[in-house]
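**Student:** Dropping in entry26.txt, with compact mmCIF, C-alpha atoms and all ligand atoms.
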# COMPACT_ATOMS: atom_id res chain seq x y z
CA MET A 1 -5.88 -80.39 -94.01
CA SER A 2 -5.68 -79.29 -90.39
CA ASN A 3 -4.54 -81.62 -87.63
CA PRO A 4 -6.81 -84.48 -86.59
CA VAL A 5 -9.03 -84.08 -83.54
CA LEU A 6 -8.01 -87.57 -82.48
CA GLU A 7 -5.12 -89.71 -83.57
CA ILE A 8 -4.45 -93.22 -82.32
CA LYS A 9 -0.90 -94.35 -82.96
CA ASN A 10 0.41 -97.90 -82.80
CA LEU A 11 -1.94 -98.86 -79.97
CA HIS A 12 -1.40 -102.21 -78.29
CA VAL A 13 -3.81 -103.44 -75.62
CA TRP A 14 -3.46 -106.70 -73.71
CA TYR A 15 -5.80 -108.28 -71.18
CA ARG A 16 -4.50 -110.27 -68.24
CA THR A 17 -6.22 -113.65 -68.11
CA TYR A 18 -5.64 -116.92 -66.26
CA GLY A 19 -3.90 -118.24 -69.33
CA GLY A 20 -1.53 -115.26 -69.56
CA TYR A 21 -1.70 -112.07 -71.61
CA SER A 22 -4.36 -111.95 -74.26
CA ARG A 23 -2.77 -109.73 -76.91
CA VAL A 24 -5.82 -108.12 -78.45
CA LEU A 25 -4.83 -104.84 -80.10
CA ASP A 26 -1.69 -105.23 -82.18
CA GLY A 27 -0.71 -101.75 -83.34
CA VAL A 28 -3.89 -99.85 -84.21
CA ASN A 29 -3.60 -96.57 -86.13
CA LEU A 30 -6.63 -94.38 -86.66
CA HIS A 31 -7.41 -90.69 -86.93
CA VAL A 32 -10.45 -88.48 -87.34
CA TYR A 33 -10.63 -84.89 -88.53
CA LYS A 34 -13.01 -82.20 -87.38
CA GLY A 35 -16.46 -82.81 -88.80
CA GLU A 36 -15.46 -86.16 -90.25
CA LYS A 37 -17.54 -89.30 -89.83
CA VAL A 38 -15.44 -92.42 -89.60
CA GLY A 39 -16.47 -96.07 -89.32
CA LEU A 40 -14.62 -98.80 -87.43
CA VAL A 41 -15.86 -102.07 -88.85
CA GLY A 42 -15.09 -105.69 -88.09
CA GLU A 43 -16.66 -108.85 -86.75
CA ALA A 44 -17.38 -109.61 -83.09
CA GLY A 45 -14.26 -109.79 -80.95
CA CYS A 46 -11.92 -107.96 -83.33
CA GLY A 47 -11.23 -105.22 -80.76
CA LYS A 48 -13.47 -102.31 -81.76
CA THR A 49 -14.79 -101.61 -78.28
CA THR A 50 -11.36 -102.16 -76.74
CA THR A 51 -9.94 -99.48 -79.06
CA MET A 52 -12.56 -96.91 -78.18
CA ARG A 53 -12.58 -97.67 -74.46
CA SER A 54 -8.85 -96.98 -74.52
CA VAL A 55 -9.57 -93.52 -75.89
CA LEU A 56 -11.68 -92.60 -72.86
CA ARG A 57 -9.53 -94.68 -70.53
CA ILE A 58 -12.46 -96.77 -69.44
CA LEU A 59 -10.88 -100.18 -69.93
CA PRO A 60 -11.41 -102.53 -66.96
CA GLU A 61 -8.81 -101.54 -64.40
CA GLY A 62 -6.36 -104.22 -63.36
CA GLN A 63 -7.22 -106.32 -66.40
CA ALA A 64 -6.17 -104.20 -69.33
CA HIS A 65 -2.57 -103.28 -70.01
CA ILE A 66 -1.30 -100.87 -72.66
CA PRO A 67 2.31 -101.80 -73.43
CA GLU A 68 2.67 -99.40 -76.34
CA GLY A 69 0.93 -96.62 -78.21
CA GLN A 70 -0.33 -93.07 -78.10
CA ILE A 71 -3.80 -91.55 -78.23
CA LEU A 72 -3.45 -87.94 -79.22
CA TYR A 73 -6.31 -85.54 -78.63
CA HIS A 74 -5.33 -82.29 -80.34
CA GLY A 75 -1.78 -83.53 -80.00
CA ASN A 76 -1.92 -84.34 -76.26
CA ASP A 77 -1.54 -87.96 -75.26
CA ILE A 78 -4.68 -89.05 -73.40
CA LEU A 79 -2.78 -92.03 -71.98
CA LYS A 80 -0.48 -89.63 -70.14
CA MET A 81 -3.06 -87.13 -68.94
CA LYS A 82 -3.55 -86.27 -65.29
CA PRO A 83 -7.05 -86.87 -63.85
CA ARG A 84 -8.12 -83.22 -64.23
CA GLU A 85 -7.11 -83.02 -67.86
CA LEU A 86 -8.75 -86.35 -68.58
CA GLN A 87 -11.95 -85.19 -66.90
CA GLN A 88 -11.94 -82.14 -69.15
CA VAL A 89 -11.67 -84.36 -72.25
CA ARG A 90 -14.50 -86.58 -71.07
CA THR A 91 -16.85 -83.77 -70.21
CA ARG A 92 -16.13 -81.24 -72.95
CA GLY A 93 -14.36 -83.13 -75.71
CA ILE A 94 -15.19 -86.75 -76.35
CA SER A 95 -18.29 -88.67 -75.39
CA MET A 96 -19.38 -92.19 -76.04
CA ILE A 97 -22.70 -93.94 -76.45
CA PHE A 98 -23.07 -97.64 -75.98
CA GLN A 99 -24.82 -100.56 -77.54
CA GLU A 100 -27.10 -101.18 -74.61
CA PRO A 101 -28.92 -97.99 -73.60
CA ALA A 102 -30.47 -99.57 -70.51
CA ALA A 103 -27.02 -100.27 -69.07
CA ALA A 104 -25.95 -96.65 -69.51
CA LEU A 105 -28.88 -95.28 -67.52
CA ASN A 106 -29.30 -95.73 -63.80
CA PRO A 107 -32.75 -97.22 -63.05
CA VAL A 108 -33.11 -95.55 -59.65
CA PHE A 109 -32.84 -91.95 -60.82
CA THR A 110 -35.11 -89.96 -63.10
CA VAL A 111 -33.91 -88.94 -66.55
CA GLY A 112 -33.80 -85.35 -65.30
CA THR A 113 -31.57 -86.13 -62.32
CA GLN A 114 -29.12 -87.99 -64.56
CA MET A 115 -29.07 -85.32 -67.24
CA PHE A 116 -28.63 -82.50 -64.74
CA ASP A 117 -25.65 -84.35 -63.25
CA VAL A 118 -23.98 -84.69 -66.63
CA ILE A 119 -24.43 -80.97 -67.23
CA LYS A 120 -23.32 -79.96 -63.72
CA TYR A 121 -20.03 -81.81 -64.00
CA SER A 122 -19.18 -80.57 -67.46
CA GLY A 123 -17.17 -77.59 -66.21
CA LEU A 124 -19.70 -74.81 -66.74
CA SER A 125 -19.10 -71.32 -65.42
CA LYS A 126 -20.89 -70.23 -62.25
CA GLU A 127 -23.42 -68.27 -64.24
CA GLU A 128 -24.08 -71.20 -66.58
CA SER A 129 -24.56 -73.64 -63.70
CA ARG A 130 -27.68 -71.88 -62.43
CA LYS A 131 -30.50 -74.39 -61.94
CA ASP A 132 -32.78 -72.86 -64.53
CA ASN A 133 -29.98 -72.86 -67.09
CA ILE A 134 -29.16 -76.51 -66.48
CA LYS A 135 -32.80 -77.42 -66.97
CA ARG A 136 -32.94 -75.33 -70.12
CA LEU A 137 -29.92 -77.16 -71.56
CA ALA A 138 -31.47 -80.54 -70.73
CA ILE A 139 -34.76 -79.64 -72.38
CA GLN A 140 -32.99 -78.34 -75.44
CA ALA A 141 -30.99 -81.58 -75.76
CA ILE A 142 -34.14 -83.71 -75.43
CA LYS A 143 -35.78 -81.63 -78.16
CA GLU A 144 -32.75 -82.19 -80.36
CA VAL A 145 -33.28 -85.94 -80.26
CA TYR A 146 -36.91 -85.41 -81.28
CA ILE A 147 -38.62 -86.53 -78.10
CA PRO A 148 -41.89 -84.69 -77.54
CA ASP A 149 -42.86 -83.26 -74.16
CA PRO A 150 -39.35 -82.91 -72.65
CA GLU A 151 -40.69 -81.62 -69.31
CA ARG A 152 -42.53 -84.88 -68.74
CA ILE A 153 -39.56 -87.00 -69.85
CA LEU A 154 -37.33 -85.33 -67.25
CA ASN A 155 -39.56 -86.76 -64.53
CA CYS A 156 -39.60 -90.28 -65.97
CA TYR A 157 -37.55 -93.20 -64.73
CA PRO A 158 -35.67 -95.12 -67.45
CA ASN A 159 -37.98 -98.15 -67.19
CA GLN A 160 -40.93 -95.96 -68.16
CA LEU A 161 -39.36 -95.40 -71.59
CA SER A 162 -39.13 -97.66 -74.62
CA GLY A 163 -35.75 -98.96 -75.81
CA GLY A 164 -35.66 -96.44 -78.65
CA MET A 165 -36.45 -93.56 -76.29
CA LYS A 166 -33.73 -94.69 -73.88
CA GLN A 167 -31.20 -94.72 -76.72
CA ARG A 168 -32.29 -91.20 -77.68
CA ILE A 169 -31.85 -90.04 -74.09
CA CYS A 170 -28.33 -91.50 -74.11
CA ILE A 171 -27.61 -89.53 -77.25
CA ALA A 172 -29.05 -86.37 -75.68
CA MET A 173 -26.77 -86.89 -72.66
CA ALA A 174 -23.79 -87.36 -74.94
CA ILE A 175 -24.35 -84.10 -76.78
CA VAL A 176 -25.79 -81.93 -74.03
CA THR A 177 -22.55 -80.10 -73.32
CA ALA A 178 -20.24 -78.91 -76.06
CA ARG A 179 -18.54 -81.94 -77.58
CA GLU A 180 -16.15 -82.36 -80.43
CA LEU A 181 -16.16 -86.07 -80.99
CA LEU A 182 -18.87 -88.62 -80.49
CA ILE A 183 -17.99 -92.30 -80.35
CA ALA A 184 -20.99 -94.51 -81.00
CA ASP A 185 -20.51 -98.19 -80.17
CA GLU A 186 -23.15 -100.06 -82.19
CA PRO A 187 -25.95 -97.89 -80.81
CA GLY A 188 -29.31 -99.53 -81.15
CA THR A 189 -28.13 -103.03 -82.03
CA SER A 190 -30.38 -104.26 -79.25
CA LEU A 191 -33.36 -102.49 -80.84
CA ASP A 192 -35.42 -103.58 -83.79
CA VAL A 193 -34.12 -102.64 -87.23
CA THR A 194 -36.43 -99.73 -88.05
CA ILE A 195 -35.76 -98.08 -84.69
CA GLN A 196 -32.05 -98.79 -85.10
CA ASP A 197 -32.21 -97.07 -88.45
CA GLN A 198 -33.92 -94.03 -86.92
CA VAL A 199 -31.24 -93.86 -84.22
CA HIS A 200 -28.52 -93.93 -86.89
CA ARG A 201 -30.12 -91.17 -88.93
CA LEU A 202 -30.65 -89.09 -85.82
CA LEU A 203 -26.97 -89.45 -84.95
CA ARG A 204 -25.80 -88.48 -88.41
CA GLY A 205 -28.09 -85.46 -88.47
CA LEU A 206 -26.91 -84.26 -85.07
CA VAL A 207 -23.19 -84.57 -85.71
CA GLU A 208 -23.59 -82.83 -89.05
CA LYS A 209 -25.62 -80.01 -87.55
CA LYS A 210 -23.12 -79.48 -84.75
CA GLY A 211 -20.02 -79.97 -86.86
CA MET A 212 -18.87 -82.76 -84.58
CA SER A 213 -16.71 -85.70 -85.55
CA LEU A 214 -18.13 -89.19 -85.30
CA ILE A 215 -16.53 -92.60 -84.88
CA MET A 216 -19.15 -95.21 -85.58
CA ILE A 217 -18.37 -98.72 -84.37
CA THR A 218 -20.27 -101.41 -86.21
CA HIS A 219 -19.89 -104.97 -87.45
CA SER A 220 -21.85 -104.02 -90.54
CA LEU A 221 -20.27 -102.51 -93.63
CA GLY A 222 -23.82 -101.68 -94.74
CA VAL A 223 -24.38 -99.44 -91.71
CA ALA A 224 -20.96 -97.81 -92.15
CA ARG A 225 -21.75 -97.10 -95.79
CA GLU A 226 -24.87 -95.17 -94.81
CA LEU A 227 -23.23 -93.09 -92.11
CA THR A 228 -19.56 -92.46 -92.74
CA ASP A 229 -17.08 -90.63 -94.95
CA ARG A 230 -14.22 -93.01 -94.32
CA ILE A 231 -13.96 -96.59 -93.10
CA TYR A 232 -11.38 -98.51 -91.09
CA VAL A 233 -11.68 -102.28 -91.48
CA MET A 234 -10.39 -104.13 -88.44
CA TYR A 235 -9.38 -107.75 -88.11
CA ALA A 236 -8.09 -109.37 -84.90
CA GLY A 237 -6.69 -106.18 -83.40
CA ASN A 238 -5.23 -104.77 -86.62
CA ILE A 239 -6.48 -102.23 -89.12
CA VAL A 240 -6.28 -104.12 -92.41
CA GLU A 241 -7.75 -101.54 -94.78
CA VAL A 242 -8.67 -97.84 -94.72
CA ALA A 243 -10.37 -95.86 -97.45
CA ARG A 244 -12.95 -93.26 -98.19
CA THR A 245 -16.32 -95.00 -98.00
CA SER A 246 -17.07 -94.67 -101.70
CA VAL A 247 -13.59 -95.96 -102.60
CA LEU A 248 -13.85 -98.92 -100.25
CA PHE A 249 -17.05 -100.06 -101.92
CA ALA A 250 -15.82 -99.35 -105.44
CA ASN A 251 -12.41 -100.92 -104.99
CA PRO A 252 -12.13 -103.14 -101.89
CA LEU A 253 -8.70 -104.78 -101.75
CA HIS A 254 -7.96 -106.70 -98.58
CA PRO A 255 -9.13 -110.33 -98.68
CA TYR A 256 -10.84 -109.79 -95.34
CA THR A 257 -12.75 -106.75 -96.63
CA LEU A 258 -13.84 -108.82 -99.63
CA GLY A 259 -15.05 -111.53 -97.28
CA LEU A 260 -16.99 -109.01 -95.19
CA LEU A 261 -18.57 -107.56 -98.32
CA SER A 262 -19.66 -110.96 -99.52
CA SER A 263 -21.42 -111.51 -96.21
CA VAL A 264 -23.46 -108.28 -96.50
CA PRO A 265 -27.01 -109.48 -97.18
CA ARG A 266 -28.11 -108.64 -100.71
CA LEU A 267 -31.15 -106.40 -100.93
CA THR A 268 -32.25 -108.07 -104.14
CA GLY A 269 -32.72 -111.58 -102.78
CA GLY A 270 -30.05 -114.22 -102.84
CA GLY A 271 -29.66 -113.98 -99.06
CA VAL A 272 -26.34 -114.00 -97.28
CA ALA A 273 -23.43 -114.93 -99.49
CA GLU A 274 -20.60 -117.21 -98.42
CA GLY A 275 -18.83 -114.79 -96.06
CA ILE A 276 -15.60 -115.90 -94.43
CA TYR A 277 -14.92 -119.32 -92.98
CA GLY A 278 -13.41 -119.78 -89.57
CA ARG A 279 -13.28 -117.39 -86.65
CA ILE A 280 -11.23 -114.72 -84.92
CA PRO A 281 -8.00 -116.25 -83.51
CA ASP A 282 -7.16 -117.01 -79.91
CA TYR A 283 -5.48 -113.87 -78.63
CA LEU A 284 -3.40 -115.86 -76.13
CA ARG A 285 -1.58 -117.49 -79.02
CA PRO A 286 -2.32 -115.31 -82.05
CA PRO A 287 -1.04 -116.53 -85.41
CA GLY A 288 2.35 -115.17 -86.44
CA GLY A 289 2.80 -113.02 -89.52
CA CYS A 290 -0.52 -111.72 -90.76
CA ARG A 291 -3.17 -112.57 -88.17
CA PHE A 292 -5.63 -113.23 -90.98
CA HIS A 293 -3.51 -115.83 -92.75
CA PRO A 294 -5.21 -118.94 -91.32
CA ARG A 295 -8.49 -117.78 -92.87
CA CYS A 296 -7.13 -116.14 -95.98
CA PRO A 297 -7.74 -117.76 -99.36
CA ARG A 298 -4.65 -116.02 -100.76
CA ALA A 299 -2.12 -116.67 -97.99
CA VAL A 300 1.42 -117.65 -98.99
CA GLN A 301 4.50 -118.49 -96.92
CA ARG A 302 5.45 -114.84 -96.39
CA CYS A 303 2.05 -114.14 -94.78
CA ARG A 304 2.81 -116.74 -92.12
CA GLU A 305 6.19 -115.25 -91.28
CA GLU A 306 5.96 -111.50 -91.63
CA LYS A 307 3.38 -109.00 -90.46
CA PRO A 308 2.11 -106.79 -93.29
CA LEU A 309 1.91 -103.11 -92.37
CA LEU A 310 -0.49 -100.58 -93.88
CA ARG A 311 0.75 -99.26 -97.21
CA ASP A 312 -0.68 -96.16 -98.86
CA LEU A 313 -1.93 -96.75 -102.38
CA GLY A 314 -2.77 -93.12 -102.93
CA ASP A 315 -5.61 -90.86 -101.84
CA GLY A 316 -5.50 -92.27 -98.32
CA HIS A 317 -6.46 -95.78 -99.43
CA GLN A 318 -4.32 -98.05 -97.27
CA VAL A 319 -4.10 -101.78 -97.11
CA ALA A 320 -2.08 -104.24 -95.01
CA CYS A 321 -1.56 -107.23 -97.28
CA PHE A 322 1.38 -108.60 -99.28
CA GLN A 323 -0.90 -109.94 -101.96
CA VAL A 324 -2.43 -106.70 -103.23
N1 LIG A 401 -11.83 -107.65 -69.63
C1 LIG A 401 -11.42 -108.52 -70.56
N2 LIG A 401 -10.57 -109.53 -70.23
C2 LIG A 401 -10.15 -110.41 -71.17
N3 LIG A 401 -10.47 -110.35 -72.46
C3 LIG A 401 -11.28 -109.35 -72.85
C4 LIG A 401 -11.80 -108.40 -71.93
N4 LIG A 401 -12.59 -107.53 -72.62
C5 LIG A 401 -12.55 -107.93 -73.90
N5 LIG A 401 -11.77 -109.01 -74.06
C6 LIG A 401 -11.49 -109.74 -75.30
O1 LIG A 401 -10.93 -108.86 -76.23
C7 LIG A 401 -11.34 -109.18 -77.55
C8 LIG A 401 -11.89 -107.94 -78.23
O2 LIG A 401 -13.09 -107.57 -77.57
P1 LIG A 401 -13.89 -106.24 -77.98
O3 LIG A 401 -15.07 -106.17 -77.09
O4 LIG A 401 -12.97 -105.09 -78.00
O5 LIG A 401 -14.34 -106.61 -79.46
P2 LIG A 401 -15.45 -105.93 -80.38
O6 LIG A 401 -14.86 -105.83 -81.74
O7 LIG A 401 -15.96 -104.70 -79.74
O8 LIG A 401 -16.57 -107.07 -80.39
P3 LIG A 401 -18.18 -106.94 -80.45
O9 LIG A 401 -18.53 -106.68 -81.88
O10 LIG A 401 -18.65 -108.30 -79.99
O11 LIG A 401 -18.60 -105.84 -79.54
C9 LIG A 401 -12.34 -110.33 -77.41
O12 LIG A 401 -11.67 -111.55 -77.66
C10 LIG A 401 -12.76 -110.23 -75.96
O13 LIG A 401 -13.12 -111.49 -75.48
NI NI A 402 -17.83 -104.16 -79.11
Could you spell out this file's structure in structure tokens?
Ligand SMILES: Nc1ncnc2c1ncn2[C@@H]1O[C@H](COP(=O)(O)OP(=O)(O)OP(=O)(O)O)[C@@H](O)[C@H]1O
Ligand code: NI

**Tutor:**
Amino acid sequence: MSNPVLEIKNLHVWYRTYGGYSRVLDGVNLHVYKGEKVGLVGEAGCGKTTTMRSVLRILPEGQAHIPEGQILYHGNDILKMKPRELQQVRTRGISMIFQEPAAALNPVFTVGTQMFDVIKYSGLSKEESRKDNIKRLAIQAIKEVYIPDPERILNCYPNQLSGGMKQRICIAMAIVTARELLIADEPGTSLDVTIQDQVHRLLRGLVEKKGMSLIMITHSLGVARELTDRIYVMYAGNIVEVARTSVLFANPLHPYTLGLLSSVPRLTGGGVAEGIYGRIPDYLRPPGGCRFHPRCPRAVQRCREEKPLLRDLGDGHQVACFQV
């Protein structure tokens, strides 16, 4: 296979807090190939958003600290890029859509004004930046997210649109200029389930049509199963298991993955199964050894003392656990 579009290597991210450093990411490794759809799955607070904000370098300034790690975009470390290079990545390479569409749109400007700005600053040639061309690109992007009457939408303010429409506009803005990788952070979680489902299918269709790569952040293995080729399971700032989606569901190995699977609601009644007891640890004083050991039904002494690294079990199925 060719080289990955994006490769995160041994990423550590800490937050400065009143109590000291909160050591959230503890050596994250993740990659995505061209055209691949990858899921990053784990419960609230495990560090999914932190990982992806690091990629675009949009972590809160002055609070976040990256003591170690690399984020390679076609082999170039994003963490070392100069502002111009970084701008290029953000406008032409990688874009991100967020959970809350309302927060991503500015209420005081029309959809058109905001879309035109995105296009203008995406490094187009002089010829391409002609006004009529910018408008044409915006209209085309709105059509691609299946919103009727694009001309009218351009003149609307965000509050004139429904939540689902706003999320679609955010997607249109993310794909309006040539992009290679789309990072979707639980898009549509604030919307009702049928609309959320439509947003997911729209995303999948678009990235497939354009041959883009997708990193889908979600707390739901069910959602990841629908949308991705490969899944990274994250627990407390570590990747604990990676596998092709079909393999992960056929042969899940890490005790945390098993716990997550048992908390996926059954379609055939029975409701939510037992899930996993306890909660994500305090990152100021994270547990030693395997961070999952306090909640793990299979933990032994070694798990308390030594950190398990990802081991390859063949065919890219990797797991970080001494007990499998
Ligand atoms: N600016 C910050 N300062 C201190 N701690 C932070 C900051 N931002 C995030 N955190 C902490 O980092 C941890 C990981 O947060 P993050 O948002 O990356 O998790 P997540 O997996 O995206 O969760 P969710 O599913 O709720 O979106 C959490 O404990 C969170 O409280
Ligand atoms: Ni998040």

**Student:** Give me, as CSV, the closest atom pair and its distance (Å, one decimal) for every residue of chain A within a cut-off of 12 Å of ligand NI 402 (chain A), counting only C-alpha atoms and all ligand atoms, rows sorted by chain and rising number.

**Tutor:**
residue,atom,partner,partner_atom,distance
A:Leu40,CA,A:NI402,NI,10.4
A:Val41,CA,A:NI402,NI,10.2
A:Gly42,CA,A:NI402,NI,9.5
A:Glu43,CA,A:NI402,NI,9.0
A:Ala44,CA,A:NI402,NI,6.8
A:Gly45,CA,A:NI402,NI,6.9
A:Cys46,CA,A:NI402,NI,8.2
A:Gly47,CA,A:NI402,NI,6.9
A:Lys48,CA,A:NI402,NI,5.4
A:Thr49,CA,A:NI402,NI,4.1
A:Thr50,CA,A:NI402,NI,7.2
A:Thr51,CA,A:NI402,NI,9.2
A:Met52,CA,A:NI402,NI,9.0
A:Arg53,CA,A:NI402,NI,9.6
A:Ile97,CA,A:NI402,NI,11.6
A:Phe98,CA,A:NI402,NI,8.9
A:Gln99,CA,A:NI402,NI,8.0
A:Glu100,CA,A:NI402,NI,10.7
A:Ile183,CA,A:NI402,NI,11.9
A:Ala184,CA,A:NI402,NI,10.3
A:Asp185,CA,A:NI402,NI,6.6
A:Glu186,CA,A:NI402,NI,7.4
A:Pro187,CA,A:NI402,NI,10.4
A:Thr189,CA,A:NI402,NI,10.8
A:Met216,CA,A:NI402,NI,11.1
A:Ile217,CA,A:NI402,NI,7.6
A:Thr218,CA,A:NI402,NI,8.0
A:His219,CA,A:NI402,NI,8.6
A:Met234,CA,A:NI402,NI,11.9

**Student:** Which residue out of A:Val324, A:Val207, A:Leu313, A:Val233 has the minimum interatomic distance to ligand LIG 401 (chain A) when only C-alpha atoms and all ligand atoms are used?

**Tutor:** A:Val233

**Student:** Which residue, A:Lys82, A:His317, A:Arg279, A:Arg295, has the smallest gap to ligand LIG 401 (chain A) when you use only C-alpha atoms and all ligand atoms?

**Tutor:**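 Result for the nearest residue to ligand LIG 401 (chain A): A:Arg279.
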
**Student:** Val319 of chain A: which residues within 7 Å, counting all atoms listed in the file, same-chain residues fewer than 2 positions away excluded, as a PyMOL selection string?

**Tutor:** chain A and resi 240-242+254+310-312+317+321

**Student:** Smallest atom-to-atom distance to ligand LIG 401 (chain A): which of A:Gly164, A:Pro281, A:Pro255, A:Pro158, using all atoms listed in the file?

**Tutor:**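 Among A:Gly164, A:Pro281, A:Pro255, A:Pro158, it is A:Pro281 that comes nearest to ligand LIG 401 (chain A).
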
**Student:** Closest to ligand LIG 401 (chain A) among A:Val55, A:Met81, A:Ala64, A:Ile171, using all atoms listed in the file?

**Tutor:**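 Once distances to ligand LIG 401 (chain A) are computed over all atoms listed in the file, the minimum belongs to A:Ala64.
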
**Student:** Using Å and a single decimal, report how far atom CA of Tyr73 of chain A sits from atom CA of Asn3 of chain A.

**Tutor:** 10.0 Å

**Student:** With distances taken over all atoms listed in the file, which of A:Lys166, A:Ser246, A:Leu206, A:Gly20 is nearest to Glu226 of chain A?

**Tutor:** A:Ser246

**Student:** Where's the centre, and what are the edge lengths in Å to one decimal, of a box along x, y and z enclosing all listed atoms of segment 39-58 of chain A padded 4 Å per side, as lines of an AutoDock Vina configuration file?

**Tutor:**
center_x = -13.1
center_y = -101.2
center_z = -79.4
size_x = 16.5
size_y = 25.2
size_z = 27.9

**Student:** Find, counting all atoms listed in the file, the residue in A:Arg16, A:Ile58, A:Glu306, A:Tyr21 that gets nearest to Met96 of chain A.

**Tutor:**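 Checking each of A:Arg16, A:Ile58, A:Glu306, A:Tyr21 against Met96 of chain A, counting all atoms listed in the file, the winner is A:Ile58.
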
**Student:** Quick one: distance from atom CA of Pro101 of chain A to atom O2 of ligand LIG 401 (chain A) in Å, one decimal?

**Tutor:** 18.9 Å

**Student:** Please report the interatomic distance between atom CA of Pro308 of chain A and atom CA of Cys290 of chain A in Å with one decimal.

**Tutor:**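 A separation of 6.1 Å between them.
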
**Student:** Name all residues at most 9 Å from Gly288 of chain A (count only C-alpha atoms; drop same-chain ones fewer than 2 positions away) and give them as a list in words.

**Tutor:**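 Using only C-alpha atoms, the neighbours found are Arg285, Pro286, Cys290, Arg291, His293, Cys303, Arg304, Glu305, Glu306 and Lys307 of chain A.
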
**Student:** Fewer than 3 positions away in the same chain doesn't count, so skip those; otherwise give me all residues within 10 Å of Gly69 of chain A, counting all atoms listed in the file, as a PyMOL selection string.

**Tutor:** chain A and resi 8-13+26-29+66+72+77+79

**Student:** What lies within 9 Å of Lys210 of chain A using all atoms listed in the file, ignoring chain neighbours under 3 positions off, as JSON, numbers by chain?

**Tutor:** {"A": [35, 179, 180, 205, 206, 207, 213]}

**Student:** Could you dump the residues just selected with C-alpha atoms as a tab-separated table (two decimals), keeping the file's coordinate frame?

**Tutor:**
chain	number	residue	atom	x	y	z
A	35	GLY	CA	-16.46	-82.81	-88.80
A	179	ARG	CA	-18.54	-81.94	-77.58
A	180	GLU	CA	-16.15	-82.36	-80.43
A	205	GLY	CA	-28.09	-85.46	-88.47
A	206	LEU	CA	-26.91	-84.26	-85.07
A	207	VAL	CA	-23.19	-84.57	-85.71
A	213	SER	CA	-16.71	-85.70	-85.55

**Student:** Excluding Pro148 of chain A and its own-chain neighbours fewer than 6 positions away, which residues fall within 12 Å of it when counting all atoms listed in the file? Please give them as a PyMOL selection string.

**Tutor:** chain A and resi 139-142+154+165+168-169

**Student:** Output the selection as a CSV table (one decimal), in the coordinates of the input - C-alpha atoms for each residue.

**Tutor:**
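Full text of again.csv as output:
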chain,number,residue,atom,x,y,z
A,139,ILE,CA,-34.8,-79.6,-72.4
A,140,GLN,CA,-33.0,-78.3,-75.4
A,141,ALA,CA,-31.0,-81.6,-75.8
A,142,ILE,CA,-34.1,-83.7,-75.4
A,154,LEU,CA,-37.3,-85.3,-67.2
A,165,MET,CA,-36.4,-93.6,-76.3
A,168,ARG,CA,-32.3,-91.2,-77.7
A,169,ILE,CA,-31.8,-90.0,-74.1
